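Structure file data-v3.cif with mmCIF, C-alpha atoms:
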data_my_file
loop_
_atom_site.label_atom_id
_atom_site.label_comp_id
_atom_site.auth_asym_id
_atom_site.auth_seq_id
_atom_site.Cartn_x
_atom_site.Cartn_y
_atom_site.Cartn_z
CA MET A 387 73.75 -48.04 -173.44
CA LYS A 388 75.35 -47.44 -170.06
CA LYS A 389 78.76 -47.05 -171.62
CA LEU A 390 77.36 -44.40 -173.89
CA ILE A 391 75.79 -42.45 -171.11
CA THR A 392 78.96 -42.57 -169.09
CA THR A 393 80.92 -41.44 -172.10
CA ILE A 394 78.68 -38.59 -172.83
CA LEU A 395 78.74 -37.49 -169.30
CA GLY A 396 82.45 -37.40 -169.38
CA LEU A 397 82.27 -35.31 -172.49
CA LEU A 398 79.90 -32.65 -171.23
CA ILE A 399 80.88 -32.46 -167.58
CA GLY A 400 84.51 -33.34 -167.63
CA LEU A 401 86.76 -33.25 -170.65
CA HIS A 402 86.25 -36.71 -172.06
CA VAL A 403 84.69 -37.73 -175.31
CA ILE A 404 82.28 -40.16 -176.82
CA ILE A 405 78.95 -41.08 -178.29
CA GLY A 406 76.55 -43.95 -178.21
CA CYS A 407 73.12 -45.39 -177.51
CA SER A 408 70.88 -44.33 -174.71
CA SER A 409 74.04 -44.04 -172.77
CA SER A 410 75.17 -41.63 -175.39
CA ILE A 411 75.19 -38.05 -174.32
CA SER A 412 77.83 -36.67 -176.59
CA GLY A 413 78.26 -33.10 -177.66
CA GLU A 414 80.09 -34.15 -180.80
CA THR A 415 77.94 -34.39 -183.89
CA SER A 416 77.30 -32.93 -187.30
CA ASN A 417 74.98 -30.93 -189.48
CA SER A 418 72.39 -32.05 -191.98
CA ASN A 419 70.34 -30.39 -194.67
CA ASN A 420 67.59 -29.64 -192.14
CA THR A 421 67.38 -25.86 -191.88
CA GLU A 422 65.46 -25.72 -188.60
CA TYR A 423 67.88 -24.77 -185.84
CA GLU A 424 67.86 -25.04 -182.10
CA THR A 425 66.64 -21.69 -180.76
CA GLU A 426 66.71 -22.50 -177.04
CA ARG A 427 69.79 -23.73 -175.23
CA PHE A 428 70.44 -25.50 -171.94
CA ASN A 429 72.17 -23.51 -169.26
CA LYS A 430 75.08 -25.27 -167.59
CA GLN A 431 73.23 -26.04 -164.36
CA ASP A 432 70.25 -27.69 -166.09
CA ARG A 433 72.49 -29.66 -168.45
CA GLU A 434 74.55 -31.03 -165.59
CA LYS A 435 71.41 -31.95 -163.67
CA ALA A 436 70.03 -33.89 -166.64
CA ILE A 437 73.31 -35.70 -167.19
CA ARG A 438 73.71 -36.47 -163.49
CA LEU A 439 70.24 -38.04 -163.25
CA ILE A 440 70.70 -40.09 -166.42
CA SER A 441 74.21 -41.28 -165.63
CA SER A 442 73.08 -42.48 -162.18
CA GLY A 443 70.10 -44.35 -163.68
CA LYS A 444 67.50 -42.21 -161.90
CA TRP A 445 65.14 -42.56 -164.83
CA ASP A 446 61.91 -41.42 -163.16
CA GLN A 447 63.51 -38.28 -161.75
CA ALA A 448 65.14 -37.58 -165.10
CA LEU A 449 61.84 -38.00 -166.91
CA THR A 450 59.99 -35.72 -164.49
CA PHE A 451 62.62 -33.01 -164.91
CA LEU A 452 63.03 -33.33 -168.68
CA ILE A 453 59.35 -33.66 -169.57
CA ASP A 454 58.70 -30.42 -167.70
CA TYR A 455 61.78 -28.84 -169.29
CA THR A 456 60.84 -29.74 -172.87
CA ASN A 457 57.26 -28.57 -172.30
CA LYS A 458 58.62 -25.18 -171.28
CA ASN A 459 61.43 -25.15 -173.87
CA PRO A 460 60.09 -27.07 -176.89
CA LYS A 461 62.81 -25.80 -179.25
CA ASN A 462 65.69 -27.05 -177.08
CA GLY A 463 66.98 -30.00 -179.10
CA GLU A 464 69.57 -30.94 -176.49
CA SER A 465 66.89 -31.41 -173.82
CA TRP A 466 64.91 -33.64 -176.19
CA PHE A 467 68.06 -35.72 -176.63
CA TYR A 468 68.44 -36.22 -172.88
CA LEU A 469 64.73 -36.95 -172.55
CA ALA A 470 65.12 -39.69 -175.17
CA SER A 471 68.05 -41.12 -173.17
CA ALA A 472 65.88 -41.26 -170.04
CA TYR A 473 63.06 -43.01 -171.92
CA HIS A 474 65.58 -45.45 -173.33
CA GLY A 475 66.86 -46.19 -169.84
CA LYS A 476 63.27 -46.99 -168.80
CA GLN A 477 63.03 -49.27 -171.86
CA ASP A 478 60.21 -47.10 -173.19
CA TYR A 479 61.48 -47.25 -176.74
CA LYS A 480 58.42 -45.74 -178.42
CA ASN A 481 58.76 -42.49 -176.49
CA ALA A 482 62.54 -42.66 -176.88
CA ILE A 483 62.08 -42.77 -180.66
CA ASP A 484 59.70 -39.79 -180.60
CA ALA A 485 62.05 -37.71 -178.43
CA ASN A 486 65.11 -38.58 -180.51
CA GLN A 487 63.28 -37.54 -183.65
CA LYS A 488 62.72 -34.13 -182.04
CA ALA A 489 66.42 -33.96 -181.16
CA VAL A 490 67.31 -34.77 -184.78
CA GLU A 491 65.03 -31.97 -186.02
CA LEU A 492 66.21 -29.33 -183.57
CA SER A 493 69.86 -29.86 -182.66
CA HIS A 494 72.81 -29.79 -185.03
CA GLN A 495 75.14 -30.54 -182.15
CA MET A 496 73.39 -33.71 -180.98
CA ARG A 497 72.14 -34.95 -184.36
CA ALA A 498 74.59 -37.78 -185.04
CA SER A 499 74.18 -39.18 -181.51
CA ALA A 500 70.38 -38.87 -181.73
CA TYR A 501 70.34 -40.78 -185.00
CA TYR A 502 72.50 -43.47 -183.45
CA ASN A 503 70.19 -43.73 -180.46
CA LEU A 504 67.26 -44.02 -182.88
CA ALA A 505 69.07 -46.96 -184.47
CA CYS A 506 69.39 -48.52 -181.02
CA ALA A 507 65.72 -48.08 -180.16
CA TYR A 508 64.53 -49.39 -183.53
CA SER A 509 66.90 -52.34 -183.25
CA LEU A 510 65.56 -53.22 -179.81
CA THR A 511 62.01 -53.22 -181.22
CA ASN A 512 63.09 -55.49 -184.11
CA ASP A 513 62.47 -52.78 -186.71
CA LEU A 514 65.40 -53.60 -188.97
CA ASP A 515 64.50 -51.22 -191.81
CA ASN A 516 64.25 -48.11 -189.63
CA ALA A 517 67.24 -49.18 -187.53
CA SER A 518 69.48 -49.54 -190.58
CA GLU A 519 68.29 -46.22 -192.02
CA ALA A 520 68.90 -44.41 -188.71
CA LEU A 521 72.40 -45.85 -188.48
CA LYS A 522 73.15 -44.74 -192.03
CA LEU A 523 71.98 -41.21 -191.19
CA ALA A 524 74.03 -41.23 -187.98
CA GLN A 525 77.18 -42.05 -189.92
CA GLN A 526 76.38 -39.49 -192.61
CA SER A 527 75.99 -36.93 -189.81
CA GLY A 528 79.40 -37.73 -188.36
CA PHE A 529 78.94 -40.69 -185.99
CA LEU A 530 82.33 -42.40 -185.86
CA ASP A 531 82.38 -44.45 -182.67
CA TYR A 532 83.40 -47.79 -184.14
CA ASP A 533 84.04 -49.20 -180.67
CA LEU A 534 80.31 -48.92 -179.99
CA LEU A 535 79.45 -50.35 -183.38
CA ARG A 536 81.47 -53.43 -182.50
CA THR A 537 80.20 -53.95 -178.93
CA ASP A 538 76.88 -52.18 -178.28
CA LYS A 539 74.28 -54.86 -177.48
CA ASP A 540 71.46 -52.52 -178.47
CA ILE A 541 72.36 -52.85 -182.16
CA GLU A 542 72.91 -56.61 -182.16
CA LEU A 543 70.10 -56.94 -184.72
CA LEU A 544 72.09 -54.79 -187.15
CA ARG A 545 75.27 -56.80 -186.63
CA GLU A 546 73.43 -60.10 -187.10
CA ASN A 547 72.07 -58.84 -190.42
CA ASP A 548 75.43 -57.50 -191.65
CA PHE A 549 74.49 -53.82 -191.62
CA ILE A 550 77.67 -52.86 -189.75
CA GLU A 551 81.00 -52.79 -191.57
CA LEU A 552 84.00 -52.66 -189.25
CA PRO A 553 87.54 -51.61 -190.23
CA GLN A 554 90.45 -53.99 -190.65
CA THR A 555 92.39 -54.71 -187.48
CA TYR A 556 95.96 -53.61 -186.75
CA GLU A 557 98.64 -54.77 -184.34
CA TYR A 558 99.46 -52.60 -181.33
CA ASP A 559 102.43 -52.21 -179.03
CA ARG A 560 101.84 -51.42 -175.37
CA ILE A 561 103.38 -49.65 -172.43
CA VAL A 562 102.30 -49.83 -168.79
CA HIS A 563 102.85 -46.92 -166.43
CA ASN A 564 101.78 -47.29 -162.79
CA GLY A 565 99.21 -49.88 -163.80
CA ILE A 566 97.81 -47.82 -166.72
CA GLU A 567 98.13 -49.64 -170.04
CA ILE A 568 98.28 -47.67 -173.28
CA LYS A 569 98.27 -49.51 -176.58
CA TYR A 570 99.57 -47.72 -179.66
CA HIS A 571 100.43 -48.26 -183.30
CA ILE A 572 103.42 -46.57 -184.95
CA ILE A 573 103.71 -45.92 -188.68
CA LEU A 574 107.19 -45.30 -190.05
CA PRO A 575 108.17 -43.91 -193.47
CA GLU A 576 108.53 -46.57 -196.16
CA ASN A 577 112.25 -45.92 -196.47
CA TYR A 578 112.81 -45.29 -192.80
CA ASN A 579 116.43 -44.55 -191.91
CA LYS A 580 117.16 -44.78 -188.18
CA SER A 581 119.94 -42.21 -188.50
CA LYS A 582 117.60 -39.63 -190.02
CA THR A 583 115.41 -37.15 -188.13
CA TYR A 584 111.66 -37.16 -188.91
CA PRO A 585 108.70 -35.00 -187.93
CA ALA A 586 106.33 -36.92 -185.65
CA MET A 587 102.68 -36.62 -184.75
CA LEU A 588 100.49 -38.09 -182.05
CA ALA A 589 97.09 -38.64 -183.68
CA TYR A 590 93.99 -39.31 -181.59
CA PRO A 591 91.23 -41.30 -183.31
CA PRO A 592 87.53 -40.36 -183.11
CA GLY A 593 84.71 -41.96 -181.13
CA SER A 594 85.66 -43.57 -177.83
CA GLN A 595 89.31 -43.65 -178.93
CA GLY A 596 89.26 -47.40 -178.34
CA MET A 597 91.00 -49.97 -180.50
CA THR A 598 88.29 -50.30 -183.15
CA SER A 599 88.12 -46.52 -183.56
CA ALA A 600 91.91 -46.50 -183.83
CA ASP A 601 91.65 -49.23 -186.48
CA TRP A 602 89.26 -47.00 -188.41
CA ALA A 603 91.58 -43.98 -188.20
CA LEU A 604 94.53 -46.07 -189.34
CA SER A 605 92.53 -47.43 -192.28
CA GLU A 606 91.14 -44.06 -193.34
CA PHE A 607 93.91 -41.58 -192.57
CA TRP A 608 97.22 -43.22 -191.84
CA GLY A 609 97.67 -46.93 -192.53
CA THR A 610 97.68 -47.22 -196.31
CA THR A 611 99.29 -43.96 -197.42
CA ALA A 612 101.14 -42.53 -194.45
CA GLY A 613 104.22 -44.63 -195.14
CA LYS A 614 104.75 -42.67 -198.35
CA LYS A 615 105.17 -39.54 -196.25
CA ASP A 616 108.28 -38.78 -194.23
CA TRP A 617 106.44 -38.75 -190.92
CA ILE A 618 106.45 -40.89 -187.81
CA ILE A 619 102.80 -41.26 -186.77
CA VAL A 620 101.72 -42.58 -183.37
CA VAL A 621 98.04 -43.57 -182.95
CA PRO A 622 97.18 -44.27 -179.29
CA VAL A 623 94.27 -46.26 -177.84
CA ALA A 624 92.50 -44.84 -174.79
CA PRO A 625 93.24 -46.76 -171.57
CA LYS A 626 90.38 -48.40 -169.69
CA ASN A 627 90.03 -45.48 -167.29
CA GLY A 628 89.84 -42.96 -170.13
CA TRP A 629 92.15 -40.13 -171.09
CA ILE A 630 91.22 -37.16 -168.96
CA ASN A 631 92.79 -37.97 -165.61
CA HIS A 632 96.24 -37.67 -164.10
CA PRO A 633 97.23 -41.38 -164.21
CA SER A 634 96.52 -41.49 -167.95
CA HIS A 635 98.30 -38.18 -168.44
CA HIS A 636 101.47 -39.56 -166.86
CA ALA A 637 101.17 -42.78 -168.89
CA LEU A 638 100.86 -40.70 -172.07
CA ASN A 639 104.00 -38.78 -171.15
CA ASP A 640 105.75 -42.12 -170.71
CA LEU A 641 104.62 -43.16 -174.20
CA LEU A 642 106.04 -39.97 -175.69
CA LYS A 643 109.34 -40.50 -173.87
CA THR A 644 109.47 -44.06 -175.19
CA VAL A 645 108.98 -42.92 -178.79
CA LYS A 646 111.63 -40.23 -178.40
CA ARG A 647 114.12 -42.79 -177.07
CA ASN A 648 113.55 -45.09 -180.04
CA TYR A 649 113.36 -42.57 -182.89
CA GLU A 650 114.95 -39.28 -183.90
CA ILE A 651 112.15 -36.73 -183.67
CA GLU A 652 112.45 -33.44 -185.54
CA GLY A 653 112.72 -30.55 -183.08
CA GLY A 654 112.45 -33.02 -180.19
CA LYS A 655 108.67 -32.41 -180.07
CA PHE A 656 105.51 -33.90 -181.58
CA HIS A 657 102.66 -32.38 -183.54
CA MET A 658 99.38 -33.13 -181.78
CA VAL A 659 96.39 -34.09 -183.94
CA GLY A 660 92.81 -34.92 -182.94
CA PHE A 661 89.96 -35.87 -185.26
CA GLU A 662 86.33 -35.35 -184.21
CA SER A 663 85.91 -36.35 -180.53
CA GLY A 664 89.62 -37.17 -180.39
CA ALA A 665 90.30 -33.45 -180.58
CA ARG A 666 89.20 -32.93 -176.98
CA PRO A 667 91.97 -35.00 -175.35
CA ALA A 668 94.35 -33.73 -178.04
CA ALA A 669 93.71 -30.11 -177.07
CA THR A 670 93.82 -30.90 -173.36
CA PHE A 671 97.08 -32.83 -173.47
CA ALA A 672 98.74 -30.37 -175.83
CA LEU A 673 98.52 -27.87 -172.97
CA MET A 674 99.11 -30.27 -170.07
CA SER A 675 102.23 -31.72 -171.72
CA LYS A 676 103.28 -28.65 -173.67
CA GLN A 677 106.95 -29.57 -173.34
CA TYR A 678 106.32 -32.43 -175.81
CA PHE A 679 104.35 -30.58 -178.50
CA GLN A 680 105.07 -27.93 -181.10
CA SER A 681 101.64 -27.60 -182.76
CA LEU A 682 98.00 -28.66 -182.42
CA THR A 683 95.59 -29.60 -185.21
CA ILE A 684 91.92 -30.25 -184.46
CA ILE A 685 89.66 -31.58 -187.20
CA SER A 686 85.87 -31.57 -187.48
CA SER A 687 85.40 -31.00 -183.78
CA TYR A 688 83.56 -28.80 -181.33
CA ALA A 689 86.32 -29.54 -178.83
CA LEU A 690 86.94 -25.90 -177.91
CA GLU A 691 83.30 -24.85 -177.90
CA ARG A 692 82.75 -25.37 -174.17
CA TRP A 693 86.06 -23.87 -173.08
CA ASP A 694 85.76 -20.66 -171.12
CA ASP A 695 86.80 -17.68 -173.20
CA GLU A 696 89.78 -16.77 -171.04
CA ASP A 697 91.04 -20.37 -171.02
CA LEU A 698 91.56 -20.19 -174.77
CA ARG A 699 94.38 -17.72 -174.09
CA SER A 700 96.47 -20.73 -173.00
CA PHE A 701 96.90 -21.78 -176.64
CA ASN A 702 99.25 -18.86 -177.33
CA ILE A 703 102.14 -21.23 -176.55
CA MET A 704 101.83 -23.09 -179.89
CA PRO A 705 100.23 -22.69 -183.34
CA VAL A 706 96.73 -24.17 -183.70
CA LYS A 707 95.10 -25.34 -186.92
CA MET A 708 91.34 -25.90 -187.11
CA ILE A 709 89.74 -27.75 -190.02
CA VAL A 710 85.96 -27.69 -190.45
CA GLY A 711 83.52 -28.59 -193.21
CA GLY A 712 81.79 -25.71 -194.96
CA ASP A 713 78.42 -27.49 -194.64
CA ASP A 714 78.86 -28.07 -190.90
CA GLU A 715 76.88 -25.04 -189.68
CA HIS A 716 77.36 -25.68 -185.99
CA GLY A 717 81.05 -26.46 -186.45
CA LEU A 718 81.55 -23.27 -188.42
CA ALA A 719 79.85 -21.15 -185.75
CA ALA A 720 81.98 -22.74 -183.03
CA ALA A 721 85.18 -22.30 -185.05
CA HIS A 722 84.47 -18.63 -185.80
CA ARG A 723 83.88 -17.96 -182.09
CA VAL A 724 87.23 -19.51 -181.26
CA GLU A 725 88.87 -17.63 -184.14
CA GLY A 726 87.72 -14.31 -182.70
CA LEU A 727 89.15 -15.13 -179.30
CA PHE A 728 92.40 -16.43 -180.78
CA LYS A 729 92.82 -13.09 -182.54
CA GLN A 730 92.15 -11.26 -179.28
CA PHE A 731 94.64 -13.42 -177.37
CA GLU A 732 97.27 -13.32 -180.15
CA VAL A 733 97.23 -17.08 -180.66
CA LYS A 734 98.91 -18.16 -183.88
CA TYR A 735 96.20 -20.09 -185.70
CA ASP A 736 94.85 -21.14 -189.06
CA LEU A 737 91.18 -21.90 -189.76
CA GLU A 738 90.63 -23.95 -192.91
CA ILE A 739 87.09 -24.44 -194.17
CA ILE A 740 86.59 -27.33 -196.61
CA PRO A 741 83.86 -26.28 -199.09
CA ASN A 742 80.83 -28.50 -199.71
CA GLU A 743 81.74 -31.02 -197.01
CA ALA A 744 80.06 -31.77 -193.69
CA ARG A 745 81.50 -33.21 -190.52
CA HIS A 746 83.01 -36.41 -191.91
CA LEU A 747 85.31 -34.50 -194.36
CA PRO A 748 85.96 -37.26 -196.93
CA SER A 749 88.61 -35.23 -198.79
CA LEU A 750 90.99 -35.67 -195.85
CA ARG A 751 91.29 -39.44 -196.41
CA ASN A 752 94.22 -41.08 -198.19
CA ALA A 753 96.95 -38.69 -197.02
CA GLY A 754 94.86 -35.56 -197.57
CA LEU A 755 95.05 -34.76 -193.85
CA ILE A 756 98.80 -35.30 -193.68
CA GLU A 757 99.31 -32.86 -196.53
CA LYS A 758 97.28 -30.16 -194.78
CA ILE A 759 99.24 -30.62 -191.57
CA GLU A 760 102.51 -30.43 -193.52
CA ASP A 761 101.44 -27.17 -195.14
CA PHE A 762 100.62 -25.73 -191.72
CA VAL A 763 103.70 -26.72 -189.74
CA ARG A 764 106.37 -26.15 -192.38
#
Hey, can you dump this file as C-alpha cells for me?
Amino acid sequence: MKKLITTILGLLIGLHVIIGCSSSISGETSNSNNTEYETERFNKQDREKAIRLISSGKWDQALTFLIDYTNKNPKNGESWFYLASAYHGKQDYKNAIDANQKAVELSHQMRASAYYNLACAYSLTNDLDNASEALKLAQQSGFLDYDLLRTDKDIELLRENDFIELPQTYEYDRIVHNGIEIKYHIILPENYNKSKTYPAMLAYPPGSQGMTSADWALSEFWGTTAGKKDWIIVVPVAPKNGWINHPSHHALNDLLKTVKRNYEIEGGKFHMVGFESGARPAATFALMSKQYFQSLTIISSYALERWDDEDLRSFNIMPVKMIVGGDDEHGLAAAHRVEGLFKQFEVKYDLEIIPNEARHLPSLRNAGLIEKIEDFVR
C-alpha cells in the first residue's frame, strides 16, 4: 500500500509513474463502457494537498479534508479515489470500498487504479470472489503494474488462490553509475551481424518499470518476436530510487553510452519508446538526453496530459508518435489536446488511433508495435 501511495505521488507531483493499492495514486488508467463522466475536477493545489496528506500517512487530516471535498464536489471522481486511499490507510476497508466504487463510476483517469484498490480492500476482508472480479476489471481497464502484483501484501489472498498470473522471467545485465544500478535486457536480431548497423530503441515497460513489469513487456512486445526484426531493443528496469532524478538520469546516459560502444547503432541515436506509465520517463528523458534520441513514441498513455502547454513546444526537436485506443475516451481527449498544441508549435508528430480497442491495445502484441514504430521512423 505505502509503495503505491509513494508511486502515485511521484506521478502526480513529480514526473514519476505508477499504480497500486491504497498507496496507489496514479493518474494512469483506462476507460470502460460506463458512460458517466467526471464533471468536476481537482485544481492543482487541492490535488497536491490530498496527495501530501496521504503520502505522509496523516489519515485523519486527509479524511477531514476529502470528506468535506467530496460532499461539496460529489462528481469529482479523483477526490473519491483519494478519499478511498485515506480510508484504506486507516484500515477502514468498508468505506474504502464504497469510495473506490464512486471513483470507478466517475473517473476514467483513475478507474484502473480504483479497481485495483478495490481488489486490495476485498482481499484484506477475505472476500475472494469480489477481490478476483475487481482485479480482473482493473486489468481490463489497463492496470499493468506486475511488480505490485508480485509483491503487494494486500492481495496475498489472490496469490494464494492462484488468481494472479505473472510473466516468465528474463535475465538482465547491469551497470552501476555513481552507486545507481540499472538492470537491462537487450534483444538482438536473430541473424545479428556485429559489422552491420541496426536501428535501436530504448523501450520503457509499464507499471512501476520494475523487473516484473519489464518481464511482462518482454513477453508481450519484444521477447518472442522482436528477434525476427532487424532492431536492437533495450528494455531497462527502474533503479531503486526511481527514474525522475539526476543520479538516475546520469546512469541512464551511461547505459546508452555502453550500448553504443558495444553495437553499431543506426544514426548514432536511439528511438525512445514508452508504454502506458513508462511513457512519462520516456518523454522526460527524450528531452533531457536529446543528444541520444532521434524519435519518441508514447503508447496508451496520458503522459503529456499534465505538461504545461508551453512546455510541449520542447518536443519540436524530434518527431513524436502517439498511439491511443479508439475506445479510450480520456486518452483520446488528452491526445487531441496535445495534437492541437503540437500543430501550434510545429512539432512533427503522428497520432494513431486504434479502432475498437481500449487502453491495453492488444493488437500491438507480437511485433505489432515494432511494425508501427518502423512505419513512423522510416
Run the PyMOL selection byres ((chain A and resi 625) around 10) mentally over the shown coordinates, then write out the matched residues as a PDB file with C-alpha atoms, keeping the file's coordinate frame, using the chain letters and numbers from the document.
ATOM      1  CA  VAL A 562     102.300 -49.830-168.790  1.00  0.00           C
ATOM      2  CA  ILE A 566      97.810 -47.820-166.720  1.00  0.00           C
ATOM      3  CA  GLU A 567      98.130 -49.640-170.040  1.00  0.00           C
ATOM      4  CA  ILE A 568      98.280 -47.670-173.280  1.00  0.00           C
ATOM      5  CA  LYS A 569      98.270 -49.510-176.580  1.00  0.00           C
ATOM      6  CA  GLN A 595      89.310 -43.650-178.930  1.00  0.00           C
ATOM      7  CA  GLY A 596      89.260 -47.400-178.340  1.00  0.00           C
ATOM      8  CA  MET A 597      91.000 -49.970-180.500  1.00  0.00           C
ATOM      9  CA  PRO A 622      97.180 -44.270-179.290  1.00  0.00           C
ATOM     10  CA  VAL A 623      94.270 -46.260-177.840  1.00  0.00           C
ATOM     11  CA  ALA A 624      92.500 -44.840-174.790  1.00  0.00           C
ATOM     12  CA  LYS A 626      90.380 -48.400-169.690  1.00  0.00           C
ATOM     13  CA  ASN A 627      90.030 -45.480-167.290  1.00  0.00           C
ATOM     14  CA  GLY A 628      89.840 -42.960-170.130  1.00  0.00           C
ATOM     15  CA  TRP A 629      92.150 -40.130-171.090  1.00  0.00           C
ATOM     16  CA  PRO A 633      97.230 -41.380-164.210  1.00  0.00           C
ATOM     17  CA  SER A 634      96.520 -41.490-167.950  1.00  0.00           C
ATOM     18  CA  ALA A 637     101.170 -42.780-168.890  1.00  0.00           C
ATOM     19  CA  LEU A 638     100.860 -40.700-172.070  1.00  0.00           C
TER      20      LEU A 638
END
Pick from A:Arg723, A:Asn516, A:Trp608, A:Leu690, whichever lies nearest to Gly754 (chain A) using all atoms listed in the file: A:Trp608
Name the residues captured by the PyMOL selection byres ((chain A and resi 748-752) around 10) when it is applied to the shown file; answer as a PDB file with C-alpha atoms, keeping the file's coordinate frame.
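Wrote expr-v4.pdb, looks like this:
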ATOM      1  CA  ALA A 603      91.580 -43.980-188.200  1.00  0.00           C
ATOM      2  CA  SER A 605      92.530 -47.430-192.280  1.00  0.00           C
ATOM      3  CA  GLU A 606      91.140 -44.060-193.340  1.00  0.00           C
ATOM      4  CA  PHE A 607      93.910 -41.580-192.570  1.00  0.00           C
ATOM      5  CA  TRP A 608      97.220 -43.220-191.840  1.00  0.00           C
ATOM      6  CA  GLY A 609      97.670 -46.930-192.530  1.00  0.00           C
ATOM      7  CA  THR A 610      97.680 -47.220-196.310  1.00  0.00           C
ATOM      8  CA  THR A 611      99.290 -43.960-197.420  1.00  0.00           C
ATOM      9  CA  ALA A 612     101.140 -42.530-194.450  1.00  0.00           C
ATOM     10  CA  ILE A 685      89.660 -31.580-187.200  1.00  0.00           C
ATOM     11  CA  ILE A 709      89.740 -27.750-190.020  1.00  0.00           C
ATOM     12  CA  GLY A 711      83.520 -28.590-193.210  1.00  0.00           C
ATOM     13  CA  ILE A 740      86.590 -27.330-196.610  1.00  0.00           C
ATOM     14  CA  GLU A 743      81.740 -31.020-197.010  1.00  0.00           C
ATOM     15  CA  ALA A 744      80.060 -31.770-193.690  1.00  0.00           C
ATOM     16  CA  ARG A 745      81.500 -33.210-190.520  1.00  0.00           C
ATOM     17  CA  HIS A 746      83.010 -36.410-191.910  1.00  0.00           C
ATOM     18  CA  LEU A 747      85.310 -34.500-194.360  1.00  0.00           C
ATOM     19  CA  ALA A 753      96.950 -38.690-197.020  1.00  0.00           C
ATOM     20  CA  GLY A 754      94.860 -35.560-197.570  1.00  0.00           C
ATOM     21  CA  LEU A 755      95.050 -34.760-193.850  1.00  0.00           C
ATOM     22  CA  ILE A 756      98.800 -35.300-193.680  1.00  0.00           C
ATOM     23  CA  GLU A 757      99.310 -32.860-196.530  1.00  0.00           C
ATOM     24  CA  LYS A 758      97.280 -30.160-194.780  1.00  0.00           C
TER      25      LYS A 758
END
Applying the PyMOL selection byres ((chain A and resi 665-670) around 9) to the file I just gave you, which residues come out? Please list them as a ChimeraX atom specification. /A:397,401-403,588-592,629-630,658-664,671-675,682-690,701
Best match for closeness to Asp640 (chain A) among A:Ala586, A:Ile619, A:Met708, A:Ile561, counting only C-alpha atoms: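 Of all the options, A:Ile561 lies closest to Asp640 (chain A).
One distance worth recording is that between CA of Trp445 (chain A) and CA of Glu542 (chain A), which is 23.6 Å.
Pairwise distance (CA of Gly654 (chain A), CA of Phe762 (chain A)) equals 18.1 Å.
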In Å, rounded to a single decimal, give me how far CA of Thr598 (chain A) is from CA of Thr537 (chain A). 9.8 Å
Which neighbours of Asn512 (chain A) fall inside 9 Å, counting all atoms listed in the file, when residues of the same chain fewer than 5 positions from it are skipped, and could you give them as a count of residues only? 3
Taking all atoms listed in the file into account, name the residue in A:His571, A:Arg545, A:Lys444, A:Lys580 that is nearest to Glu650 (chain A).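 Under the stated criterion, the closest residue is A:Lys580.
Candidate residues A:Phe679, A:Ser599, A:Glu546, A:Ile453 were compared for distance to Leu514 (chain A), and the nearest is A:Glu546, using all atoms listed in the file.
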Shell around Glu696 (chain A) at 12 Å using only C-alpha atoms, local window under 6 positions removed, as a ChimeraX atom specification: /A:690,702,724,727-728,730-731
Write out as an MDAnalysis selection string which residues come within 10 Å of Tyr649 (chain A) when counting all atoms listed in the file, dropping same-chain ones fewer than 5 positions away. chainID A and resid 574 579:584 586 618 644 654
Output C-alpha atoms for every residue in the selection just made, as a PDB file, in the frame of the given file.
ATOM      1  CA  LEU A 574     107.190 -45.300-190.050  1.00  0.00           C
ATOM      2  CA  ASN A 579     116.430 -44.550-191.910  1.00  0.00           C
ATOM      3  CA  LYS A 580     117.160 -44.780-188.180  1.00  0.00           C
ATOM      4  CA  SER A 581     119.940 -42.210-188.500  1.00  0.00           C
ATOM      5  CA  LYS A 582     117.600 -39.630-190.020  1.00  0.00           C
ATOM      6  CA  THR A 583     115.410 -37.150-188.130  1.00  0.00           C
ATOM      7  CA  TYR A 584     111.660 -37.160-188.910  1.00  0.00           C
ATOM      8  CA  ALA A 586     106.330 -36.920-185.650  1.00  0.00           C
ATOM      9  CA  ILE A 618     106.450 -40.890-187.810  1.00  0.00           C
ATOM     10  CA  THR A 644     109.470 -44.060-175.190  1.00  0.00           C
ATOM     11  CA  GLY A 654     112.450 -33.020-180.190  1.00  0.00           C
TER      12      GLY A 654
END
Quick one: of A:Glu725, A:Asp515, A:Asp531, A:Glu491, who's nearest to Phe549 (chain A), counting only C-alpha atoms?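 Among A:Glu725, A:Asp515, A:Asp531, A:Glu491, it is A:Asp515 that comes nearest to Phe549 (chain A).
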Using all atoms listed in the file and a cutoff of 9 Å, can you tell me which residues are near (67.0, -30.9, -179.8) in the file's coordinates, and write them out as a PyMOL selection string? chain A and resi 423-424+426-427+460-468+485-497+500
